[in-house]
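Content type compact mmCIF, C-alpha atoms, from the file run-v9.txt:
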```txt
# COMPACT_ATOMS: atom_id res chain seq x y z
CA MET A 17 -39.48 -36.18 1.88
CA PRO A 18 -38.93 -33.15 4.13
CA SER A 19 -41.98 -31.59 5.64
CA LEU A 20 -43.52 -28.42 4.24
CA LYS A 21 -42.58 -26.48 7.34
CA SER A 22 -38.92 -27.43 7.29
CA LEU A 23 -38.73 -26.57 3.58
CA LYS A 24 -40.24 -23.18 4.20
CA MET A 25 -37.76 -22.53 6.98
CA ARG A 26 -34.85 -23.47 4.75
CA ILE A 27 -36.04 -21.15 2.03
CA THR A 28 -36.28 -18.25 4.49
CA SER A 29 -32.82 -18.95 5.84
CA VAL A 30 -31.24 -19.13 2.38
CA LYS A 31 -33.05 -15.93 1.46
CA SER A 32 -31.57 -14.07 4.40
CA THR A 33 -28.11 -15.46 3.59
CA GLN A 34 -28.58 -14.18 0.08
CA LYS A 35 -29.43 -10.75 1.41
CA ILE A 36 -26.23 -10.68 3.44
CA THR A 37 -23.99 -11.82 0.61
CA LYS A 38 -25.65 -9.34 -1.71
CA ALA A 39 -25.02 -6.50 0.73
CA MET A 40 -21.43 -7.63 1.21
CA LYS A 41 -20.93 -7.66 -2.53
CA MET A 42 -22.18 -4.12 -2.85
CA VAL A 43 -20.06 -2.91 0.05
CA ALA A 44 -17.03 -4.62 -1.48
CA ALA A 45 -17.76 -2.96 -4.82
CA ALA A 46 -17.87 0.47 -3.21
CA LYS A 47 -14.72 -0.22 -1.22
CA LEU A 48 -13.00 -1.56 -4.30
CA ARG A 49 -13.62 1.70 -6.10
CA ARG A 50 -12.14 3.61 -3.20
CA ALA A 51 -9.15 1.28 -2.99
CA GLN A 52 -8.55 1.66 -6.70
CA GLU A 53 -8.69 5.42 -6.40
CA ALA A 54 -6.16 5.31 -3.57
CA ALA A 55 -3.88 3.11 -5.66
CA GLU A 56 -4.30 5.46 -8.59
CA ALA A 57 -3.48 8.51 -6.45
CA ALA A 58 -0.33 6.87 -5.14
CA ARG A 59 0.96 6.08 -8.60
CA PRO A 60 2.72 9.39 -9.48
CA TYR A 61 4.96 9.10 -6.42
CA SER A 62 6.00 5.52 -7.02
CA VAL A 63 6.51 6.14 -10.73
CA ARG A 64 8.74 9.12 -9.96
CA MET A 65 10.57 7.21 -7.28
CA ALA A 66 11.24 4.34 -9.67
CA ALA A 67 12.51 6.79 -12.30
CA VAL A 68 14.86 8.44 -9.81
CA MET A 69 16.11 5.08 -8.60
CA ALA A 70 16.68 4.00 -12.19
CA SER A 71 18.69 7.07 -13.06
CA LEU A 72 20.73 6.73 -9.88
CA ALA A 73 21.27 3.06 -10.60
CA SER A 74 22.84 3.92 -13.92
CA ARG A 75 25.46 6.01 -12.13
CA VAL A 76 26.28 4.00 -9.06
CA THR A 77 28.13 0.72 -9.18
CA VAL A 78 27.20 -1.75 -6.51
CA GLY A 79 30.26 -2.55 -4.45
CA PRO A 80 31.14 -3.43 -0.91
CA GLU A 81 30.95 0.26 0.02
CA SER A 82 27.39 0.63 -1.22
CA PRO A 83 24.63 1.00 1.35
CA ARG A 84 23.81 -2.36 2.87
CA LEU A 85 20.18 -2.13 1.82
CA LEU A 86 21.45 -2.23 -1.75
CA ALA A 87 24.49 -4.48 -1.51
CA GLY A 88 23.06 -6.86 1.07
CA THR A 89 25.08 -8.58 3.74
CA GLY A 90 27.00 -10.66 1.26
CA LYS A 91 25.21 -13.79 2.43
CA ASP A 92 21.83 -15.27 1.74
CA GLN A 93 21.47 -17.65 4.63
CA VAL A 94 18.57 -16.14 6.55
CA HIS A 95 15.45 -15.12 4.65
CA LEU A 96 12.64 -13.03 5.99
CA LEU A 97 9.24 -13.45 4.38
CA VAL A 98 6.94 -10.49 4.90
CA VAL A 99 3.47 -11.77 4.13
CA CYS A 100 0.75 -9.17 3.63
CA SER A 101 -2.82 -10.39 3.91
CA SER A 102 -6.13 -8.96 5.02
CA GLU A 103 -7.71 -8.71 8.43
CA ARG A 104 -11.02 -10.17 7.39
CA GLY A 105 -12.03 -13.38 5.74
CA LEU A 106 -14.87 -14.14 3.31
CA ALA A 107 -12.78 -12.88 0.44
CA GLY A 108 -12.66 -15.96 -1.74
CA GLY A 109 -9.22 -17.38 -2.24
CA PHE A 110 -7.49 -14.10 -1.55
CA ASN A 111 -5.73 -14.95 1.71
CA SER A 112 -5.15 -18.60 1.00
CA ASN A 113 -3.54 -17.81 -2.36
CA ILE A 114 -1.02 -15.51 -0.71
CA ALA A 115 -0.39 -18.02 2.06
CA LYS A 116 0.06 -20.79 -0.50
CA LEU A 117 2.70 -18.86 -2.41
CA ALA A 118 4.47 -17.99 0.83
CA ARG A 119 4.38 -21.61 1.94
CA ARG A 120 5.79 -22.79 -1.37
CA THR A 121 8.66 -20.29 -1.07
CA LEU A 122 9.23 -21.27 2.53
CA GLU A 123 9.49 -24.96 1.67
CA GLU A 124 11.70 -24.22 -1.30
CA LEU A 125 14.10 -22.14 0.82
CA GLN A 126 14.13 -24.67 3.62
CA GLY A 127 14.82 -27.36 1.05
CA GLN A 128 17.94 -25.39 0.10
CA GLY A 129 19.03 -25.41 3.71
CA LYS A 130 18.27 -21.74 4.39
CA THR A 131 16.85 -20.36 7.58
CA VAL A 132 13.45 -18.74 7.14
CA LYS A 133 11.71 -16.21 9.35
CA LEU A 134 8.15 -15.06 8.91
CA MET A 135 6.53 -11.73 9.49
CA PHE A 136 2.87 -11.01 8.91
CA VAL A 137 1.04 -7.84 8.05
CA GLY A 138 -2.62 -8.57 8.66
CA LYS A 139 -3.63 -11.67 10.56
CA LYS A 140 -5.40 -13.81 8.01
CA ALA A 141 -2.33 -15.40 6.46
CA ARG A 142 -0.89 -15.99 9.90
CA ALA A 143 -3.33 -18.68 10.97
CA PRO A 144 -2.19 -21.45 8.59
CA PHE A 145 1.45 -20.84 9.54
CA ALA A 146 0.77 -20.49 13.25
CA ARG A 147 -0.13 -24.18 13.27
CA THR A 148 2.83 -25.51 11.32
CA HIS A 149 5.67 -22.99 11.68
CA LYS A 150 4.96 -21.23 14.94
CA ASP A 151 8.63 -20.98 15.91
CA LEU A 152 9.53 -19.15 12.67
CA ILE A 153 7.15 -16.23 13.21
CA VAL A 154 9.08 -13.16 14.34
CA GLY A 155 6.34 -10.56 14.19
CA THR A 156 2.78 -9.71 13.27
CA VAL A 157 1.60 -6.23 12.40
CA ASP A 158 -1.99 -5.70 13.39
CA MET A 159 -3.87 -3.69 10.77
CA SER A 160 -7.38 -4.28 12.09
CA HIS A 161 -7.79 -0.74 13.41
CA ILE A 162 -6.79 0.82 10.09
CA LYS A 163 -9.61 1.56 7.71
CA ASN A 164 -7.68 3.08 4.86
CA VAL A 165 -4.01 2.28 4.56
CA GLY A 166 -1.90 5.39 4.93
CA PHE A 167 1.71 5.87 4.01
CA ALA A 168 2.58 6.15 7.72
CA ASP A 169 1.37 2.57 8.25
CA ALA A 170 3.52 1.32 5.40
CA LYS A 171 6.47 3.31 6.69
CA ALA A 172 6.12 1.76 10.14
CA VAL A 173 6.29 -1.70 8.58
CA ALA A 174 9.26 -0.72 6.41
CA ASP A 175 11.08 0.84 9.37
CA ASP A 176 10.53 -2.33 11.37
CA VAL A 177 11.98 -4.42 8.55
CA VAL A 178 14.98 -2.10 8.17
CA ALA A 179 15.60 -2.14 11.94
CA ARG A 180 15.60 -5.93 11.92
CA PHE A 181 17.93 -5.91 8.93
CA ASP A 182 20.32 -3.52 10.66
CA ALA A 183 20.23 -5.74 13.73
CA GLY A 184 21.42 -8.57 11.48
CA GLU A 185 18.32 -10.68 11.88
CA PHE A 186 18.21 -11.67 8.22
CA ASP A 187 20.06 -11.32 4.92
CA VAL A 188 17.29 -11.29 2.32
CA ALA A 189 13.71 -10.09 2.60
CA HIS A 190 10.79 -10.96 0.37
CA LEU A 191 7.43 -9.26 0.31
CA PHE A 192 4.29 -11.24 -0.45
CA PHE A 193 1.13 -9.57 -1.59
CA SER A 194 -1.55 -9.85 -4.21
CA THR A 195 -1.27 -7.79 -7.38
CA PHE A 196 -4.56 -6.35 -8.49
CA LYS A 197 -5.14 -7.08 -12.17
CA SER A 198 -8.91 -6.71 -12.31
CA ALA A 199 -11.88 -7.34 -10.07
CA LEU A 200 -11.81 -10.92 -11.32
CA THR A 201 -8.10 -11.69 -11.27
CA GLN A 202 -5.60 -11.06 -8.56
CA GLU A 203 -2.18 -12.56 -8.66
CA PRO A 204 -0.19 -13.49 -5.58
CA THR A 205 3.21 -11.88 -6.01
CA ARG A 206 6.62 -12.24 -4.44
CA LEU A 207 8.97 -9.28 -4.48
CA GLN A 208 12.49 -9.14 -3.15
CA ILE A 209 12.89 -5.93 -1.17
CA ILE A 210 16.26 -6.40 0.55
CA PRO A 211 18.76 -6.21 -0.98
CA ALA A 212 16.97 -3.79 -3.27
CA ALA A 213 16.74 -4.89 -6.86
CA LEU A 214 17.54 -1.74 -8.76
CA PRO A 215 15.71 -1.26 -12.02
CA ALA A 216 18.02 -1.28 -14.98
CA GLY A 217 19.11 2.30 -15.66
CA ASP A 218 17.86 3.64 -18.94
CA ALA A 219 20.30 5.17 -21.35
CA LYS A 220 18.40 8.44 -21.40
CA GLY A 221 19.02 9.09 -17.73
CA ALA A 222 22.70 8.36 -18.10
CA ASP A 223 23.14 10.80 -20.95
CA ALA A 224 21.80 13.87 -19.21
CA SER A 225 24.35 15.61 -17.06
CA VAL A 226 22.51 15.80 -13.81
CA GLU A 227 23.95 17.49 -10.78
CA TYR A 228 23.57 15.67 -7.52
CA GLU A 229 23.32 17.44 -4.24
CA PRO A 230 24.87 15.99 -2.09
CA ASP A 231 26.50 13.14 -4.07
CA GLU A 232 24.89 10.10 -5.69
CA GLU A 233 25.82 7.74 -2.88
CA SER A 234 24.28 9.81 -0.12
CA ILE A 235 21.14 10.42 -2.11
CA LEU A 236 20.90 6.71 -2.74
CA ALA A 237 21.47 5.92 0.93
CA ASP A 238 18.72 8.38 1.79
CA LEU A 239 16.35 7.06 -0.83
CA LEU A 240 16.69 3.33 -0.24
CA PRO A 241 14.66 3.18 2.98
CA LYS A 242 12.12 5.52 1.40
CA ASN A 243 11.90 3.32 -1.63
CA LEU A 244 11.31 0.35 0.64
CA ALA A 245 8.45 2.17 2.34
CA VAL A 246 7.00 3.04 -1.06
CA GLN A 247 7.16 -0.59 -2.11
CA VAL A 248 5.44 -1.72 1.07
CA PHE A 249 2.83 0.99 0.62
CA ARG A 250 2.20 -0.10 -2.94
CA ALA A 251 1.89 -3.69 -1.81
CA LEU A 252 -0.63 -2.74 0.85
CA LEU A 253 -2.68 -0.71 -1.62
CA GLU A 254 -2.62 -3.50 -4.19
CA ASN A 255 -3.65 -5.87 -1.44
CA ALA A 256 -6.53 -3.66 -0.36
CA ALA A 257 -7.85 -3.49 -3.91
CA SER A 258 -7.32 -7.21 -4.47
CA GLU A 259 -9.07 -8.09 -1.23
CA GLN A 260 -12.16 -6.12 -2.17
CA GLY A 261 -12.11 -7.41 -5.74
CA SER A 262 -11.81 -10.96 -4.54
CA ARG A 263 -14.55 -10.49 -1.97
CA MET A 264 -16.81 -8.93 -4.57
CA THR A 265 -16.41 -11.91 -6.89
CA ALA A 266 -16.82 -14.41 -4.08
CA MET A 267 -19.94 -12.72 -2.76
CA ASP A 268 -21.36 -12.40 -6.25
CA SER A 269 -21.13 -16.13 -6.82
CA ALA A 270 -22.45 -16.78 -3.31
CA THR A 271 -25.48 -14.63 -4.11
CA ARG A 272 -26.01 -16.52 -7.33
CA ASN A 273 -25.67 -19.89 -5.60
CA ALA A 274 -28.20 -18.82 -3.01
CA GLY A 275 -30.57 -17.82 -5.84
CA ASP A 276 -30.21 -21.26 -7.45
CA MET A 277 -30.81 -22.93 -4.15
CA ILE A 278 -33.94 -20.89 -3.49
CA ASN A 279 -35.28 -21.89 -6.91
CA LYS A 280 -34.62 -25.56 -6.26
CA LEU A 281 -36.13 -25.45 -2.81
CA SER A 282 -39.19 -23.55 -4.05
CA ILE A 283 -39.82 -26.24 -6.68
CA THR A 284 -39.55 -28.98 -4.06
CA TYR A 285 -41.79 -26.98 -1.77
CA ASN A 286 -44.48 -26.50 -4.42
CA ARG A 287 -44.35 -30.16 -5.48
CA THR A 288 -44.67 -31.29 -1.89
CA ARG A 289 -47.56 -28.93 -1.33
CA GLN A 290 -49.37 -30.13 -4.46
CA ALA A 291 -48.75 -33.74 -3.52
CA ALA A 292 -50.25 -33.11 -0.11
CA ILE A 293 -53.33 -31.44 -1.65
CA THR A 294 -53.77 -34.25 -4.17
CA LYS A 295 -53.47 -36.80 -1.41
CA GLU A 296 -56.14 -35.05 0.65
CA LEU A 297 -58.48 -34.83 -2.37
CA ILE A 298 -58.06 -38.52 -3.13
CA GLU A 299 -58.83 -39.30 0.48
CA ILE A 300 -62.03 -37.22 0.40
CA ILE A 301 -63.19 -38.57 -2.96
CA SER A 302 -62.52 -42.19 -2.11
CA GLY A 303 -64.24 -41.62 1.23
CA ALA A 304 -67.29 -40.22 -0.57
CA GLU A 305 -67.31 -43.08 -3.08
CA ALA A 306 -67.27 -45.67 -0.33
CA LEU A 307 -70.52 -44.36 1.06
CA MET B 298 9.81 36.21 -18.94
CA ALA B 299 6.72 34.38 -20.03
CA GLU B 300 8.25 30.97 -19.67
CA LEU B 301 6.92 28.96 -16.75
CA LEU B 302 8.10 25.98 -14.81
CA ASP B 303 6.14 22.74 -14.53
CA PHE B 304 5.93 22.19 -10.84
CA GLU B 305 4.66 19.06 -9.18
CA LEU B 306 4.43 18.21 -5.51
CA VAL B 307 3.63 14.57 -4.83
CA SER B 308 3.26 12.66 -1.61
CA PRO B 309 3.04 8.87 -1.49
CA GLU B 310 -0.70 9.08 -1.01
CA ARG B 311 -1.60 11.58 -3.68
CA ARG B 312 -0.49 14.40 -5.90
CA LEU B 313 -0.75 17.55 -3.83
CA ALA B 314 -0.08 20.22 -6.40
CA LYS B 315 0.57 20.47 -10.09
CA ALA B 316 0.93 23.90 -11.58
CA LYS B 317 2.87 26.14 -13.90
CA VAL B 318 4.80 28.58 -11.80
CA ALA B 319 7.57 31.13 -12.20
CA MET B 320 9.88 30.05 -9.42
CA VAL B 321 10.11 27.64 -6.53
CA VAL B 322 12.53 27.97 -3.63
CA VAL B 323 13.51 24.60 -2.22
CA PRO B 324 15.34 23.98 1.06
CA GLY B 325 18.03 21.55 -0.10
CA VAL B 326 20.30 19.77 2.36
CA GLU B 327 23.19 21.92 1.20
CA GLY B 328 21.28 25.18 1.28
CA ASP B 329 18.19 26.70 -0.24
CA PHE B 330 18.02 26.92 -3.98
CA GLY B 331 15.60 28.59 -6.33
CA VAL B 332 14.41 26.76 -9.41
CA LEU B 333 13.49 28.84 -12.43
CA PRO B 334 12.51 27.65 -15.90
CA GLY B 335 15.52 26.27 -17.73
CA HIS B 336 17.35 25.23 -14.57
CA ALA B 337 20.08 22.65 -15.16
CA PRO B 338 18.95 19.10 -14.32
CA MET B 339 19.72 18.19 -10.75
CA MET B 340 18.65 15.99 -7.89
CA SER B 341 18.77 16.95 -4.28
CA THR B 342 17.51 15.74 -0.98
CA ILE B 343 15.49 18.21 1.04
CA ARG B 344 15.87 19.06 4.70
CA PRO B 345 12.72 19.79 6.72
CA GLY B 346 11.62 23.27 5.78
CA ALA B 347 9.23 25.31 3.72
CA ILE B 348 9.16 25.41 -0.05
CA ALA B 349 7.98 28.71 -1.45
CA ILE B 350 6.11 28.81 -4.71
CA HIS B 351 6.17 32.06 -6.71
CA GLU B 352 3.44 31.98 -9.28
CA THR B 353 4.41 35.21 -11.00
CA ASP B 354 7.85 36.26 -12.08
CA GLY B 355 9.36 38.53 -9.45
CA GLY B 356 6.16 38.38 -7.44
CA PRO B 357 5.88 37.33 -3.82
CA ALA B 358 5.61 33.72 -2.69
CA THR B 359 1.97 32.82 -3.21
CA GLN B 360 2.00 29.37 -1.67
CA ARG B 361 4.16 27.79 0.95
CA PHE B 362 4.29 24.15 1.97
CA PHE B 363 6.15 22.73 4.91
CA ILE B 364 8.00 19.62 3.75
CA ASP B 365 9.14 17.06 6.24
CA GLY B 366 12.17 16.02 4.25
CA GLY B 367 12.00 14.60 0.79
CA PHE B 368 13.57 14.74 -2.58
CA ALA B 369 13.63 17.26 -5.42
CA GLU B 370 14.24 16.41 -9.03
CA VAL B 371 14.82 19.08 -11.63
CA THR B 372 14.56 17.95 -15.22
CA GLU B 373 14.65 19.96 -18.44
CA THR B 374 10.91 20.37 -18.29
CA GLY B 375 10.17 21.01 -14.67
CA LEU B 376 10.55 20.38 -11.00
CA THR B 377 9.14 17.45 -9.09
CA ILE B 378 9.20 17.27 -5.33
CA LEU B 379 8.70 13.94 -3.67
CA ALA B 380 7.67 14.64 -0.11
CA GLU B 381 6.63 12.14 2.49
CA GLN B 382 4.55 14.76 4.20
CA ALA B 383 3.62 18.23 3.10
CA THR B 384 1.47 20.70 4.97
CA PRO B 385 0.45 24.12 3.71
CA VAL B 386 2.28 26.55 6.00
CA ALA B 387 -0.95 28.40 6.73
CA GLU B 388 -2.38 25.22 8.24
CA ILE B 389 0.41 24.68 10.74
CA ASP B 390 -0.89 24.87 14.29
CA VAL B 391 1.82 26.99 15.92
CA ALA B 392 0.66 26.29 19.47
CA ALA B 393 0.58 22.53 18.89
CA VAL B 394 4.04 22.63 17.35
CA ALA B 395 5.34 24.57 20.36
CA THR B 396 4.02 21.99 22.83
CA GLN B 397 5.38 19.12 20.74
CA LEU B 398 8.71 20.89 20.55
CA ALA B 399 8.81 21.29 24.31
CA ALA B 400 8.02 17.59 24.69
CA ALA B 401 10.73 16.66 22.18
CA ARG B 402 13.24 18.85 24.02
CA ALA B 403 12.31 17.22 27.31
CA ALA B 404 12.68 13.77 25.77
CA GLY B 405 15.94 14.74 24.07
CA ASP B 406 14.66 13.52 20.71
CA GLU B 407 17.00 15.41 18.42
CA ALA B 408 15.44 14.40 15.11
CA ALA B 409 12.00 15.52 16.24
CA MET B 410 13.49 18.71 17.68
CA ALA B 411 15.13 19.67 14.40
CA ARG B 412 11.94 18.90 12.52
CA LEU B 413 9.71 20.87 14.84
CA GLU B 414 12.10 23.80 15.02
CA ALA B 415 12.07 23.99 11.23
CA MET B 416 8.29 23.79 11.28
CA GLN B 417 8.09 26.59 13.80
CA ALA B 418 10.48 28.75 11.79
CA ALA B 419 8.43 28.16 8.65
CA ALA B 420 5.20 29.06 10.38
CA THR B 421 6.42 32.18 12.02
CA ASN B 422 8.10 33.97 9.19
```

Exercise: express the given structure as structure tokens:
Amino acid sequence: MPSLKSLKMRITSVKSTQKITKAMKMVAAAKLRRAQEAAEAARPYSVRMAAVMASLASRVTVGPESPRLLAGTGKDQVHLLVVCSSERGLAGGFNSNIAKLARRTLEELQGQGKTVKLMFVGKKARAPFARTHKDLIVGTVDMSHIKNVGFADAKAVADDVVARFDAGEFDVAHLFFSTFKSALTQEPTRLQIIPAALPAGDAKGADASVEYEPDEESILADLLPKNLAVQVFRALLENAASEQGSRMTAMDSATRNAGDMINKLSITYNRTRQAAITKELIEIISGAEAL
Amino acid sequence: MAELLDFELVSPERRLAKAKVAMVVVPGVEGDFGVLPGHAPMMSTIRPGAIAIHETDGGPATQRFFIDGGFAEVTETGLTILAEQATPVAEIDVAAVATQLAAARAAGDEAAMARLEAMQAAATN
């Protein structure tokens, strides 16, 4: 049986751990609210952009003359996986879930004989791949100095991806991030960004006689890189919200576990203390009786 | 004319303005165009320049934003401008723009030069 002193020390240490996890949970909750607001504020733009892309898609037929971001290179030999994760750990299964999905895709693609390259936004998903697929990593974007993701950050990532595409480094690009469903559920998601998957044009957009200035093709060529940046931005915002949601849940259960542990330890402590007192009493009484 | 135009200016980060206005002048790539209520549907890309918002019919421009390129969509109901960056013209720091412009000229960065020149023009007139 552990001594009274060591029990007391364990209780104090679990209590201070509980304080930390509780604080982290509250910080995550506050950050989650902010991240959700940011995601909410960004919605009108992406909704509009999707609508514009859809109405353009209904007018433009994809052919060899289409912009390469839309038509692709005509091959699908080299795949680039852009994996977005967070910069900090202690967020439950958030990072490992994204990494797992990316790894599954990677193995699947390699199984089909494709070449895979990896690019990371945020360092946490990098670590598991750095051990096994070090030679496949072509770039890591450090986000640790960024507190709130801005569009400029997303644009820098998108520009980098487009530059690599133009340089012929890959044929198809996938984006990995975590979709925020609620504070309790986040879903790792894979999205193909190059060649762009155009949303099916709705009939309404096709009916209206819309003038295009300049023509549809040039607008589309202008919009495609922007759309890419918007998609990356959305992914980063979703990720930010998911990270905080996931951390909040993880820290909540950690706080609860610490509470349970404190209860158990307190019971053991009290029992041990009572046993010690009883033992002392028996010793005194039997000593007195012997006289 | 009492009819007003639904005007919306959105950046990727947030909605910057949403109002009912009489007219908006947009610097399209093929020339400036004014959008009034009932304008035929159109889509146009925007070159760097200032959009002028006229809140009252025939009145002066009440609000001006410098747009660093973007996209305008006119539908039957209104005008939406998707801008990557929009700054109220009044908030442009003319001196800072001038130094940046000089730096861009020295570096021979033509894209930045065109952008900054447009910014300067918007701020000064």

Kindly provide the residues of chain A that approach chain B to within 8 Å, each paired with its closest atom pair and their distance in Å to one decimal, based on all atoms listed in the file, listed by chain and increasing number, as a Markdown table.
```
| residue | atom | partner | partner_atom | distance |
| --- | --- | --- | --- | --- |
| A:Ala54 | CA | B:Glu310 | CA | 7.1 |
| A:Ala57 | CA | B:Arg311 | CA | 4.5 |
| A:Ala58 | CA | B:Glu310 | CA | 4.7 |
| A:Arg59 | CA | B:Arg311 | CA | 7.8 |
| A:Pro60 | CA | B:Arg312 | CA | 6.9 |
| A:Tyr61 | CA | B:Pro309 | CA | 5.3 |
| A:Ser62 | CA | B:Pro309 | CA | 7.1 |
| A:Arg64 | CA | B:Leu379 | CA | 7.9 |
| A:Met65 | CA | B:Leu379 | CA | 7.9 |
| A:Gly166 | CA | B:Glu310 | CA | 7.1 |
| A:Phe167 | CA | B:Pro309 | CA | 6.4 |
| A:Ala224 | CA | B:Pro338 | CA | 7.7 |
| A:Ser225 | CA | B:Pro338 | CA | 7.0 |
| A:Val226 | CA | B:Met339 | CA | 4.8 |
| A:Glu227 | CA | B:Met339 | CA | 4.3 |
| A:Tyr228 | CA | B:Met340 | CA | 4.9 |
| A:Glu229 | CA | B:Ser341 | CA | 4.6 |
| A:Pro230 | CA | B:Ser341 | CA | 6.6 |
| A:Ile235 | CA | B:Thr342 | CA | 6.5 |
| A:Asp238 | CA | B:Thr342 | CA | 8.0 |
| A:Val246 | CA | B:Pro309 | CA | 7.1 |
```

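Counting only C-alpha atoms, the residue from A:Phe110, A:Ala170, A:Val99, A:Ala213 that sits nearest to Val154 (chain A) is A:Val99.
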
Check your understanding: Hey, can you check how far CA of Val157 (chain A) sits from CA of Ala51 (chain A)?
Key -> 20.2 Å

Point to revise | Residues near Ser198 (chain A), cut-off 12 Å, all atoms listed in the file, skip fewer than 2 positions along chain, as a PyMOL selection string | key: chain A and resi 48-49+52+194-196+200-203+254+257-262+264-265

Using the file's own x, y and z axes, so that the box edges lie along x, y and z, what centre and edge lengths in Å (one decimal) does a box around every listed atom of region 171-181 of chain A get when 5 Å is added on each side? Give it as AutoDock Vina command-line options.
```
--center_x 12.0 --center_y -1.3 --center_z 9.2 --size_x 21.8 --size_y 19.2 --size_z 15.5
```
